[in-house]
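One structure below.
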Amino acid sequence: MSASPTSAPRLRVAPSPTGDPHVGTAYMSLFNLAFARQQGGSFVLRIEDTDRARFRADSEQQVFDTLHWLGLSWDEGPDVGGPYAPYRQSERLKTYRPYVERLLDEGRAYHCWCSQDRLAEMRDKQQKLKLPTGYDRLCHGKTREEREVLPGFTETPVVRMLIPEDVELQFDDLIRGRVSAPRPDDQVILKADGFPTYHLAVVVDDHEMGITHVVRGEEWISSTPKHVLLYRWLGLEAPRFAHMPLLRNTDKSKISKRKNPAARLTWFQEQGYLPEALVNFLALLAYPPKQDAEGNDVEVFSFEEFAKDFDWGKVNPVGPIFDLKKLEWLNGVYIRELEVGELATRLLPYLEREEILPESPSLGELARLRAVTELIQTRMALLTEAAALVRPFYLADDELEIADDARAQLKENAGEVLATATRVLGDIDDHGTGVLGSESGWSAPVIEAALREAIVDGLGIKPKFAFGPLRTAVSGQRISPPLFESMEILGKTSTLARLHRLHDELSQG
Ligand code: GLU
């Protein structure tokens with residue numbers, strides 16, 4: 001079954017489950033999905049698990065989880081099914097066999113019994129003699145019996161394509177126009193273990209699944225002529241191709257999981273990036289921002305806005321640099337745009353991970369988190385930065401530790417400041433605490449007015465020095481959320497206990 005040429009576009013992403021999902025899988029999914037959604041087409045997730053040596057069982061679930069996290073969802077796939085199931089290549093082995101038989105019967109492919117050792121020797125020799133590397137066709141045209149008597153024979157053969165001399169090495173690419181690729185060698189299409197190689201499986205599956213547009217990384221450009229040949233030999237209509245520019249490190253090298261932690265999709269979750277910021281960033285890597293009415297770049301946009309007038313012709317074919325500074329900036333923008341309650345919810349897993357909050361926080365703990373979140377929303381570029389800012393609000397007063405840099409900035413008059421603050425704050429009426437926005441009782445404006453009057457005006461200490469000791473006492477840190485609001489959220493009892501504690505400590509020391 002395959003889609004007719006007039007039907008809506010069908011696109012796919014085809015990750016191999018070989019470890020933590022690569023950031024490239026999200027990048028490819030995003031561009032595939034943008035076009036599919038814009039055209040009212042379908043987006044398919046296919047798992048290419050024919051490389052059994054590199055297969056990792058938990059990897060497939062991680063692909064599902066990370067793409068779901070990013071909101072890049074698919075219409076058909078191994079988990080959701082669909083009309084072209086199964087969507088795992090290892091479950092489709094029967095599908096490939098007839099295609100291989102046909103290629104063998106028609107002389108387009110041949111068996112090869114060469115051992116790995118022989119192939120390695122052959123390659124060494126070619127390299128030493130500076131000859132083009134590639135299979136030397138020792139097995140071509142031979143029966144098993146004829147080949148068996150020659151050296152370097154193995155029992156189980158592979159099947160190779162017989163690449164003709166006059167192979168067409170050019171194809172049209174939606175991003176790059178006419179592309180030339182190097183001449184391929186006699187590619188293996190069926191391995192000794194009976195599994196197809198990527199090259200055969202991708203062609204058969206894309207055809208069987210009615211894929212109309214193959215959008216993948218530029219590293220596959222050199223394989224495309226082989227695929228085009230297979231389509232032709234098998235009498236199938238080839239899809240259209242778009243080869244996306246590879247993501248590059250700042251030194252222009254290809255992003256790999258070995259060298260760059262940011263190549264792993266799970267890394268972005270761990271580090272506290274928002275999925276919508278990452279999606280926006282990945283789009284910007286290969287796609288120019290729109291301009292506003294004044295001609296300024298509009299760099300912040302949603303997936304829907306991106307998909308709306310997506311155009312392959314605008315994709316920049318040059319390998320984009322993966323600039324994490326830009327992503328961090330975008331993340332801060334998205335954090336500030338979130339509704340406070342939503343941001344608090346997004347912070348929960350990070351606070352649980354740091355054991356600041358339990359897995360199921362109480363309503364009181366959640367209400368406090370919402371209040372604190374409002375204070376820190378503009379002070380974060382990453383969700384992970386919240387932990388240090390939030391922690392003081394969940395510690396018992398006698399558990400709060402004073403950071404060294406906060407302690408170091410305390411001046412001689414710190415004791416006097418603390419004592420004065422304790423006295424005036426003690427006089428504030430403690431009714432209806434903990435609700436920001438209130439202007440009477442234990443509230444930020446009342447607290448601030450009382451402290452300014454007593455310390456800045458009364459003791460004649462400049463605000464910069466007046467409030468440092470109080471900040472240190474209350475948060476244990478040199479930099480903290482706004483002081484008066486923090487005191488309001490902590491409540492009178494806790495605030496006074498913390499002021500006392502530092503005061504006592506200073507007078508003893
Ligand atoms: N399994 C291949 C990969 O992980 C898919 C390439 C393609 O999209 O054709 O890159």
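Ordered as shown in the structure tokens, chains take letters A, B, and onward, while each chain numbers its residues from 1 and ligands are numbered from 1 in the order shown.
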Restrict the calculation to only C-alpha atoms and all ligand atoms, then for each residue of chain A with any atom at most 8 Å from an atom of ligand 1 give the closest atom pair and their distance in Å to one decimal, rows by chain and rising residue number, as CSV.
```
residue,atom,partner,partner_atom_place_in_ligand_line,distance
A:Arg12,CA,ligand 1,8 (O),7.5
A:Val13,CA,ligand 1,8 (O),5.8
A:Ala14,CA,ligand 1,5 (C),4.6
A:Pro15,CA,ligand 1,4 (O),4.0
A:Ser16,CA,ligand 1,4 (O),4.6
A:Thr25,CA,ligand 1,4 (O),7.5
A:Ile47,CA,ligand 1,1 (N),7.5
A:Glu48,CA,ligand 1,1 (N),5.2
A:Asp49,CA,ligand 1,1 (N),7.9
A:Tyr198,CA,ligand 1,1 (N),6.9
A:Val202,CA,ligand 1,9 (O),6.1
A:Val214,CA,ligand 1,8 (O),6.7
A:Val215,CA,ligand 1,8 (O),6.3
A:Arg216,CA,ligand 1,8 (O),4.5
A:Gly217,CA,ligand 1,10 (O),6.9
A:Trp220,CA,ligand 1,6 (C),6.9
```
With a cut-off of 9 Å, could you pull out the residues of region 378-492 of chain A touching region 316-336 of chain A and give me the nearest pair of atoms for each, distance in Å to one decimal, using only C-alpha atoms, ordered by chain and ascending number, as JSON lines?
```
{"residue": "A:Thr378", "atom": "CA", "partner": "A:Arg336", "partner_atom": "CA", "distance": 5.9}
{"residue": "A:Arg379", "atom": "CA", "partner": "A:Gly332", "partner_atom": "CA", "distance": 8.5}
{"residue": "A:Met380", "atom": "CA", "partner": "A:Gly332", "partner_atom": "CA", "distance": 6.3}
{"residue": "A:Ala381", "atom": "CA", "partner": "A:Gly332", "partner_atom": "CA", "distance": 4.1}
{"residue": "A:Leu382", "atom": "CA", "partner": "A:Asn331", "partner_atom": "CA", "distance": 6.7}
{"residue": "A:Leu383", "atom": "CA", "partner": "A:Ile335", "partner_atom": "CA", "distance": 8.1}
```
Next item on the list: Skip region 282-287 of chain A itself and residues of its chain fewer than 3 positions away, then list as a ChimeraX atom specification all residues within 12 Å of it, counting only C-alpha atoms.
Entry: /A:23-34,70,175,217,243-248,265,275-279,290,297-307,309-324,326-327,330
Check: Quick one: of A:Ala403, A:Leu425, A:Val158, A:Val44, who's nearest to Gly441 (chain A), counting only C-alpha atoms?
Finding: A:Leu425
Next item on the list: Go through region 8-80 of chain A and collect every residue that DSSP, computed from the backbone, puts in alpha helix (DSSP H); the answer should be as a list in words.
Entry: Val23, Gly24, Thr25, Ala26, Tyr27, Met28, Ser29, Leu30, Phe31, Asn32, Leu33, Ala34, Phe35, Ala36, Arg37, Gln38, Ser59, Glu60, Gln61, Gln62, Val63, Phe64, Asp65, Thr66, Leu67, His68 and Trp69 of chain A
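When only C-alpha atoms are used to measure the gap to Leu343 (chain A), the shortest distance among A:Glu505, A:Glu374, A:Asp404, A:Asp430 belongs to A:Glu374.
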Note to self: Taking the DSSP secondary structure from the backbone, can you list the residues of region 112-289 of chain A that are strand (DSSP E), as a PyMOL selection string?
What the structure shows: chain A and resi 112-114+153-161+170-173+177-180+188-190+213-217+240-244
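Of the listed residues A:Ala466, A:Ile356, A:Leu451, A:Ile428, the one whose atoms come nearest to Gln409 (chain A) is A:Ala466, with distances taken using only C-alpha atoms.
The coordinates place CA of Gln271 (chain A) at 26.2 Å from CA of Leu45 (chain A).
Among the candidate residues A:Asp205, A:Glu337, A:Glu365, A:Glu416, the one lying nearest to Leu274 (chain A) is A:Glu337, with distances computed using only C-alpha atoms.
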Notebook entry, point to check: Rounded to one decimal in Å, what is the spacing between CA of Phe195 (chain A) and CA of Thr95 (chain A)?
Noted result: 10.9 Å
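Proximity to Gly82 (chain A) was assessed for A:Trp442, A:Phe153, A:Tyr273, A:Phe43 counting only C-alpha atoms; the smallest distance is recorded for A:Phe43.
Candidate residues A:Pro261, A:Pro445, A:Pro182, A:Gly210 were compared for distance to Asp20 (chain A), and the nearest is A:Pro261, using only C-alpha atoms.
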Note to self: Give me the residues near Val100 (chain A) as number ranges by chain, where near means some atom within 12 Å (using only C-alpha atoms) and where sequence neighbours in that chain fewer than 5 positions away do not count.
What the structure shows: A: 93-95, 105-111, 158-161, 188-191, 194-197, 199-201, 203-204, 230, 233-234
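The coordinates place CA of Ser440 (chain A) at 21.7 Å from CA of Gly364 (chain A).
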As a PDB file with C-alpha atoms, in the first residue's frame, please: the residues near Leu499 (chain A) (cut-off 7 Å, only C-alpha atoms, same-chain neighbours under 4 positions excluded).
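Generated output (out-v8.pdb):
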```
ATOM      1  CA  LEU A 418      19.691  42.968  63.197  1.00  0.00           C
ATOM      2  CA  THR A 422      14.008  42.534  65.245  1.00  0.00           C
ATOM      3  CA  LEU A 470      18.829  41.098  56.938  1.00  0.00           C
ATOM      4  CA  ALA A 473      19.832  36.272  58.031  1.00  0.00           C
ATOM      5  CA  VAL A 474      16.672  35.474  56.141  1.00  0.00           C
ATOM      6  CA  THR A 495      11.633  35.992  59.991  1.00  0.00           C
ATOM      7  CA  HIS A 503      22.277  38.165  65.815  1.00  0.00           C
TER       8      HIS A 503
END
```
